>>> print(open('target05.cif').read())   # mmCIF, C-alpha atoms
data_protein
loop_
_atom_site.label_atom_id
_atom_site.label_comp_id
_atom_site.auth_asym_id
_atom_site.auth_seq_id
_atom_site.Cartn_x
_atom_site.Cartn_y
_atom_site.Cartn_z
CA MET A 69 6.84 6.43 -21.66
CA ASN A 70 8.18 5.17 -18.40
CA THR A 71 7.82 8.53 -16.65
CA VAL A 72 4.29 8.85 -17.96
CA THR A 73 3.13 5.53 -16.59
CA LYS A 74 5.18 5.58 -13.39
CA LEU A 75 3.28 4.55 -10.32
CA THR A 76 2.93 6.90 -7.37
CA LEU A 77 2.17 5.67 -3.89
CA LYS A 78 1.47 8.08 -1.06
CA THR A 79 -0.02 7.91 2.36
CA GLU A 80 -3.07 10.02 3.13
CA GLY A 81 -3.25 10.94 6.79
CA ASP A 82 -2.52 7.88 8.89
CA THR A 83 -5.23 5.62 7.56
CA HIS A 84 -5.06 5.48 3.77
CA ILE A 85 -2.81 4.89 0.80
CA ILE A 86 -3.32 6.62 -2.55
CA VAL A 87 -1.94 4.99 -5.65
CA THR A 88 -1.95 6.57 -9.11
CA ARG A 89 -0.96 5.07 -12.44
CA ARG A 90 -1.48 6.10 -16.07
CA PHE A 91 -2.40 3.65 -18.80
CA ALA A 92 -2.17 4.00 -22.57
CA ALA A 93 -5.73 2.73 -23.06
CA PRO A 94 -9.13 4.36 -22.59
CA PRO A 95 -11.06 4.05 -19.31
CA GLU A 96 -13.42 1.46 -20.85
CA ALA A 97 -10.53 -0.93 -21.38
CA VAL A 98 -8.92 -0.35 -17.98
CA TYR A 99 -12.27 -0.73 -16.25
CA ARG A 100 -12.96 -3.96 -18.08
CA ALA A 101 -9.53 -5.31 -17.17
CA HIS A 102 -10.50 -4.69 -13.53
CA THR A 103 -13.85 -6.47 -13.73
CA ASP A 104 -13.54 -9.32 -16.26
CA PRO A 105 -12.15 -12.42 -14.46
CA LYS A 106 -10.40 -13.69 -17.59
CA LEU A 107 -8.48 -10.43 -17.84
CA ILE A 108 -7.90 -10.05 -14.08
CA GLN A 109 -6.25 -13.47 -14.04
CA LYS A 110 -3.62 -12.21 -16.47
CA TRP A 111 -2.30 -9.31 -14.42
CA LEU A 112 -3.43 -9.23 -10.77
CA LEU A 113 -0.65 -11.59 -9.73
CA GLY A 114 1.73 -9.65 -7.52
CA PRO A 115 5.39 -10.70 -7.47
CA GLU A 116 6.91 -13.15 -9.99
CA GLY A 117 5.97 -16.76 -9.56
CA TRP A 118 2.37 -16.33 -8.40
CA THR A 119 -0.60 -17.48 -10.46
CA MET A 120 -4.32 -17.04 -9.90
CA PRO A 121 -5.97 -20.43 -10.43
CA VAL A 122 -9.34 -19.21 -9.15
CA CYS A 123 -10.88 -15.90 -10.17
CA ILE A 124 -14.60 -15.66 -9.64
CA ASN A 125 -16.52 -12.42 -9.44
CA ASP A 126 -20.02 -11.11 -9.76
CA ALA A 127 -19.33 -7.57 -10.90
CA ARG A 128 -22.45 -5.79 -9.77
CA PRO A 129 -23.27 -3.83 -6.60
CA GLY A 130 -23.50 -6.34 -3.76
CA GLY A 131 -21.83 -9.02 -5.87
CA LYS A 132 -19.13 -11.15 -4.31
CA PHE A 133 -15.70 -12.16 -5.53
CA ARG A 134 -13.08 -14.71 -4.65
CA TYR A 135 -9.52 -14.65 -5.95
CA GLU A 136 -7.05 -17.41 -5.13
CA TRP A 137 -3.30 -17.18 -5.60
CA SER A 138 -0.79 -19.97 -5.67
CA HIS A 139 3.00 -20.19 -5.72
CA PRO A 140 5.03 -23.39 -6.27
CA LYS A 141 7.10 -22.74 -3.12
CA GLN A 142 5.25 -20.12 -1.08
CA GLY A 143 1.91 -21.94 -0.95
CA SER A 144 -1.42 -20.28 -1.52
CA PHE A 145 -3.96 -17.87 -0.07
CA HIS A 146 -7.15 -16.20 -1.18
CA ILE A 147 -9.15 -13.04 -0.77
CA THR A 148 -12.90 -12.60 -0.72
CA GLY A 149 -14.78 -9.38 -1.15
CA GLU A 150 -17.93 -7.58 -2.22
CA PHE A 151 -18.54 -4.89 -4.78
CA ILE A 152 -20.23 -1.85 -3.28
CA GLU A 153 -20.43 0.43 -6.30
CA LEU A 154 -19.68 -0.06 -9.98
CA LYS A 155 -19.90 2.92 -12.28
CA PRO A 156 -18.87 1.96 -15.81
CA TYR A 157 -16.21 3.02 -16.77
CA SER A 158 -15.14 5.42 -14.09
CA LYS A 159 -15.40 3.94 -10.62
CA ILE A 160 -15.25 0.69 -8.65
CA VAL A 161 -15.76 0.57 -4.89
CA HIS A 162 -15.23 -2.72 -3.08
CA VAL A 163 -14.18 -4.25 0.22
CA GLU A 164 -11.84 -7.21 0.46
CA ARG A 165 -10.06 -9.24 3.09
CA MET A 166 -7.24 -11.76 2.93
CA HIS A 167 -7.65 -15.25 4.37
CA LEU A 168 -4.37 -16.32 5.90
CA PRO A 169 -6.37 -18.42 6.72
CA ASP A 170 -8.17 -16.23 9.29
CA PRO A 171 -9.68 -13.17 7.64
CA THR A 172 -7.85 -9.86 8.00
CA PRO A 173 -9.83 -6.65 8.70
CA ASP A 174 -11.71 -5.34 5.66
CA ASN A 175 -9.75 -3.22 3.23
CA HIS A 176 -12.01 -0.61 1.63
CA VAL A 177 -10.83 0.17 -1.88
CA GLU A 178 -12.04 2.88 -4.22
CA THR A 179 -10.67 2.82 -7.77
CA ARG A 180 -11.33 5.62 -10.23
CA PHE A 181 -10.59 5.77 -13.95
CA ALA A 182 -10.45 9.19 -15.57
CA PRO A 183 -9.81 9.98 -19.24
CA ASP A 184 -6.28 11.34 -19.66
CA GLY A 185 -5.59 12.32 -23.25
CA GLU A 186 -5.75 9.05 -25.20
CA GLY A 187 -5.33 7.07 -22.03
CA THR A 188 -6.49 6.73 -18.47
CA LEU A 189 -5.43 8.06 -15.11
CA MET A 190 -6.25 5.52 -12.43
CA THR A 191 -6.46 6.61 -8.80
CA MET A 192 -6.84 3.95 -6.12
CA ARG A 193 -7.53 4.79 -2.50
CA MET A 194 -7.14 1.96 -0.03
CA THR A 195 -7.06 1.38 3.71
CA LEU A 196 -3.72 1.10 5.45
CA PRO A 197 -3.71 -2.30 7.09
CA ASP A 198 -2.96 -2.62 10.79
CA GLU A 199 0.30 -4.03 12.06
CA GLN A 200 -0.97 -7.58 12.42
CA THR A 201 -2.33 -7.65 8.88
CA ARG A 202 0.81 -6.15 7.45
CA LYS A 203 2.91 -8.84 9.13
CA MET A 204 0.72 -11.62 7.83
CA MET A 205 0.89 -10.17 4.34
CA LEU A 206 4.67 -10.16 4.52
CA SER A 207 4.67 -13.73 5.80
CA THR A 208 2.69 -15.00 2.81
CA GLY A 209 5.91 -14.69 0.85
CA MET A 210 4.52 -11.89 -1.26
CA GLU A 211 7.64 -9.96 -0.27
CA HIS A 212 9.61 -12.02 -2.77
CA GLY A 213 11.77 -9.65 -4.73
CA MET A 214 10.91 -6.80 -2.41
CA GLU A 215 13.37 -3.96 -2.23
CA ALA A 216 13.03 -1.60 0.72
CA SER A 217 14.65 1.15 -1.30
CA TYR A 218 11.51 1.37 -3.38
CA ALA A 219 9.62 2.65 -0.40
CA ARG A 220 11.10 6.03 0.36
CA LEU A 221 8.49 8.01 2.21
CA GLU A 222 8.72 11.07 0.03
CA THR A 223 5.69 12.59 1.66
CA VAL A 224 6.90 12.47 5.24
CA ILE A 225 10.70 12.46 5.46
CA MET B 136 10.32 -7.81 13.05
CA GLN B 137 9.48 -5.74 16.09
CA SER B 138 6.17 -6.67 17.63
CA SER B 139 5.41 -3.27 19.16
CA PHE B 140 5.63 -1.55 15.82
CA ASP B 141 2.37 -0.05 14.61
CA LEU B 142 2.17 1.28 11.08
CA ASN B 143 -0.73 3.64 11.68
CA ALA B 144 0.87 5.11 14.79
CA SER B 145 4.05 5.60 12.82
CA PHE B 146 2.38 7.66 10.16
CA ALA B 147 0.62 9.78 12.78
CA ALA B 148 3.93 10.29 14.54
CA LEU B 149 5.62 11.34 11.32
CA ALA B 150 2.91 13.85 10.44
CA ASP B 151 4.36 16.43 12.85
CA PRO B 152 7.31 18.57 11.62
CA THR B 153 8.94 18.77 15.06
CA ARG B 154 8.88 15.00 15.35
CA ARG B 155 10.38 14.63 11.89
CA ALA B 156 13.13 17.07 12.93
CA ILE B 157 13.75 15.01 16.07
CA LEU B 158 14.08 11.88 13.94
CA ALA B 159 16.48 13.70 11.61
CA ARG B 160 18.60 14.69 14.64
CA LEU B 161 18.54 11.15 16.00
CA ALA B 162 19.59 9.82 12.61
CA MET B 163 22.97 11.45 13.36
CA GLY B 164 23.24 9.64 16.68
CA GLU B 165 21.89 9.15 20.16
CA ALA B 166 20.76 12.27 22.10
CA THR B 167 19.35 13.17 25.52
CA VAL B 168 16.16 15.14 26.06
CA ASN B 169 18.23 18.24 26.89
CA GLU B 170 20.24 17.92 23.72
CA LEU B 171 17.09 17.47 21.70
CA ALA B 172 15.29 20.41 23.33
CA LYS B 173 18.02 22.98 22.56
CA PRO B 174 17.73 23.46 18.79
CA PHE B 175 13.94 23.47 18.92
CA GLU B 176 13.59 26.20 21.57
CA MET B 177 11.01 24.07 23.27
CA THR B 178 10.52 23.16 26.90
CA GLN B 179 11.62 19.76 28.09
CA PRO B 180 8.06 18.57 28.78
CA ALA B 181 7.03 19.56 25.24
CA ILE B 182 9.94 17.61 23.79
CA SER B 183 9.21 14.69 26.11
CA GLN B 184 5.66 14.58 24.80
CA HIS B 185 6.92 14.32 21.22
CA LEU B 186 9.38 11.63 22.26
CA LYS B 187 6.59 9.68 23.88
CA VAL B 188 4.57 9.71 20.64
CA LEU B 189 7.62 8.58 18.65
CA GLU B 190 8.34 5.86 21.16
CA GLU B 191 4.78 4.54 21.16
CA ALA B 192 4.91 4.42 17.37
CA GLY B 193 7.98 2.20 17.64
CA LEU B 194 10.18 4.73 15.86
CA ILE B 195 12.63 5.47 18.70
CA THR B 196 13.90 3.69 21.80
CA GLN B 197 15.53 4.86 25.01
CA ARG B 198 18.16 3.35 27.27
CA VAL B 199 19.06 4.17 30.87
CA ASP B 200 22.45 5.80 31.46
CA GLY B 201 22.56 6.90 35.12
CA THR B 202 20.01 9.69 35.38
CA LYS B 203 19.93 10.17 31.62
CA ARG B 204 17.67 8.47 29.12
CA PRO B 205 19.31 8.87 25.73
CA ARG B 206 17.03 8.26 22.75
CA ARG B 207 17.98 6.63 19.51
CA LEU B 208 16.26 5.58 16.29
CA ALA B 209 14.57 2.21 16.38
CA LYS B 210 15.76 0.90 13.05
CA ALA B 211 13.35 -2.00 13.05
CA GLY B 212 10.34 0.33 13.21
CA ILE B 213 11.39 2.47 10.27
CA GLU B 214 12.46 -0.52 8.26
CA ALA B 215 9.27 -2.47 8.91
CA MET B 216 7.20 0.39 7.55
CA ASP B 217 9.47 0.71 4.52
CA GLN B 218 9.38 -3.01 4.03
CA TRP B 219 5.62 -3.24 3.90
CA LEU B 220 5.23 -0.23 1.61
CA GLY B 221 8.05 -1.58 -0.53
CA MET B 222 6.28 -4.90 -0.87
CA LEU B 223 3.06 -3.17 -1.85
CA ARG B 224 4.74 -0.89 -4.37
CA LYS B 225 6.67 -3.73 -5.95
CA ALA B 226 3.56 -5.92 -6.26
CA LEU B 227 1.54 -3.06 -7.76
CA GLU B 228 4.29 -2.15 -10.22
CA LYS B 229 4.43 -5.74 -11.40
CA ASN B 230 0.65 -5.88 -11.68
CA TYR B 231 0.31 -2.71 -13.71
CA ASP B 232 3.23 -3.56 -16.01
CA ARG B 233 1.35 -6.76 -16.82
CA LEU B 234 -1.87 -4.80 -17.18
CA ASP B 235 -0.15 -2.58 -19.78
CA GLU B 236 0.38 -5.73 -21.84
CA VAL B 237 -3.20 -6.91 -21.34
CA LEU B 238 -4.47 -3.51 -22.47
CA ALA B 239 -2.17 -3.47 -25.49
CA ALA B 240 -3.58 -6.84 -26.55
CA MET B 241 -7.13 -5.46 -26.23
CA GLU B 242 -6.38 -2.34 -28.28
CA PRO B 243 -7.01 -3.66 -31.83
CA ASN B 244 -10.54 -4.67 -30.90
CA LYS B 245 -11.91 -1.31 -29.82
CA SER B 246 -15.52 -2.37 -29.95
CA GLY B 247 -14.66 -5.03 -27.42
CA PHE B 248 -14.26 -2.47 -24.68
CA THR B 249 -17.93 -1.82 -24.31
CA LYS B 250 -19.78 -4.86 -25.58
CA LYS B 251 -19.15 -7.21 -22.68
CA GLU B 252 -20.76 -5.34 -19.80
CA LYS B 253 -23.22 -7.87 -18.51
CA LYS B 254 -26.12 -6.76 -16.41
CA ARG B 255 -26.85 -9.78 -14.32
#
>>> encode(input="target05.cif", output="structure tokens")
Amino acid sequence: MNTVTKLTLKTEGDTHIIVTRRFAAPPEAVYRAHTDPKLIQKWLLGPEGWTMPVCINDARPGGKFRYEWSHPKQGSFHITGEFIELKPYSKIVHVERMHLPDPTPDNHVETRFAPDGEGTLMTMRMTLPDEQTRKMMLSTGMEHGMEASYARLETVI
Amino acid sequence: MQSSFDLNASFAALADPTRRAILARLAMGEATVNELAKPFEMTQPAISQHLKVLEEAGLITQRVDGTKRPRRLAKAGIEAMDQWLGMLRKALEKNYDRLDEVLAAMEPNKSGFTKKEKKR
């Protein structure tokens, strides 16, 4: 079970990151969990201790979203973004930026859901943030519980 | 954290096999350009070019020792890249473990998967 659902994270060239993950539910369910605010609020929380008090989205092409996270000790921050393409139940394309509080450069994210037996193979392609953005992300406290050993660069070293 | 470190430049620098081999050699300890050039059967200028790319990416540093400029790994650069990717991986793993539970809770109500798609 664990090997089946294990997450992979690879760099693509020097500008993108590709993440894959399998889920034991059909693409319809996984897609809905990515677009329904009530469901998003239950899982898109990052490290332990963070909650998402605000989760607003307008899941249609051109629609905007705003997600706010809060942590009892680390404070809070939010992202805003726009949906570019929504193809039920196979594809979501959106851009997002973090407000820390100044907005970071746009991260372009493409998420695909493909049937995989009884379940779903999700493939997410996202932009590698620049150095400044990466630093700010670390400084939000999202690194809580981070272990550098998780990040062996299998693809390059 | 090192301010000159650039994640994108680091990945570009690591894309080249010779540069990865140079990093592997430097992982064993400091080395001069001459020492680095030998095993690769490359000219000094060619090696110097690779070193320049690695240096600009924040992956190696040099110090002055008389006429020599020994290079060594810049630990901060490598670790900063690992640290950010580690943070991302950890956050995503947490997210998707939680999503597994959300999906499991949705499972009994199969019809629910499709009914709620609102066209607004």
>>> closest_residue(input="target05.cif", among="B:Leu149, B:Pro174, B:Arg155, B:Gln197", to="B:Met216", atoms="only C-alpha atoms")
B:Leu149
>>> atom_distance(input="target05.cif", atom1="atom CA of A:Gly130", atom2="atom CA of A:Lys159")
14.8 Å
>>> resolve_selection(input="target05.cif", expression="the PyMOL selection byres ((chain A and resi 87) around 6)", output="VMD selection string")
chain A and resid 76 to 77 86 88 191 to 192
>>> closest_residue(input="target05.cif", among="A:His146, A:His102, A:Lys132, A:Lys141", to="chain B", atoms="all atoms listed in the file")
A:His102
>>> residues_around(input="target05.cif", residues="A:Phe91", least_positions_apart="5", cutoff="10 Å", atoms="all atoms listed in the file", output="ChimeraX atom specification")
/A:72-74,97-98,181,183-184,186-190 /B:231-232,234-235,238-239
>>> atom_distance(input="target05.cif", atom1="atom CA of A:Val161", atom2="atom CA of A:Asp126")
13.4 Å
>>> atom_distance(input="target05.cif", atom1="atom CA of A:Ala93", atom2="atom CA of A:Trp118")
25.4 Å
>>> resolve_selection(input="target05.cif", expression="the PyMOL selection byres ((chain B and resi 170) around 12)", output="list in words")
Ile157, Arg160, Leu161, Gly164, Glu165, Ala166, Thr167, Val168, Asn169, Leu171, Ala172, Lys173, Pro174, Phe175, Glu176, Met177, Thr178, Gln179, Ile182, Ser183, Lys203, Arg204, Pro205 and Arg206 of chain B
>>> closest_residue(input="target05.cif", among="B:Lys187, B:Lys225, B:Arg154, B:Arg198", to="chain A", atoms="only C-alpha atoms")
B:Lys225
>>> resolve_selection(input="target05.cif", expression="the PyMOL selection byres ((chain A and resi 156) around 10)", output="MDAnalysis selection string")
(chainID A and resid 95:96 99:100 153:155 157:160 181) or (chainID B and resid 249 252)
>>> closest_residue(input="target05.cif", among="A:Ile85, A:Gly131, A:Val122, A:Leu112", to="chain B", atoms="all atoms listed in the file")
A:Leu112
>>> closest_residue(input="target05.cif", among="A:Glu178, A:Glu116, A:Glu164, A:Glu136", to="B:Arg233", atoms="only C-alpha atoms")
A:Glu116
>>> closest_residue(input="target05.cif", among="A:Gly149, A:Pro197, A:Pro169, A:Pro105", to="chain B", atoms="all atoms listed in the file")
A:Pro197
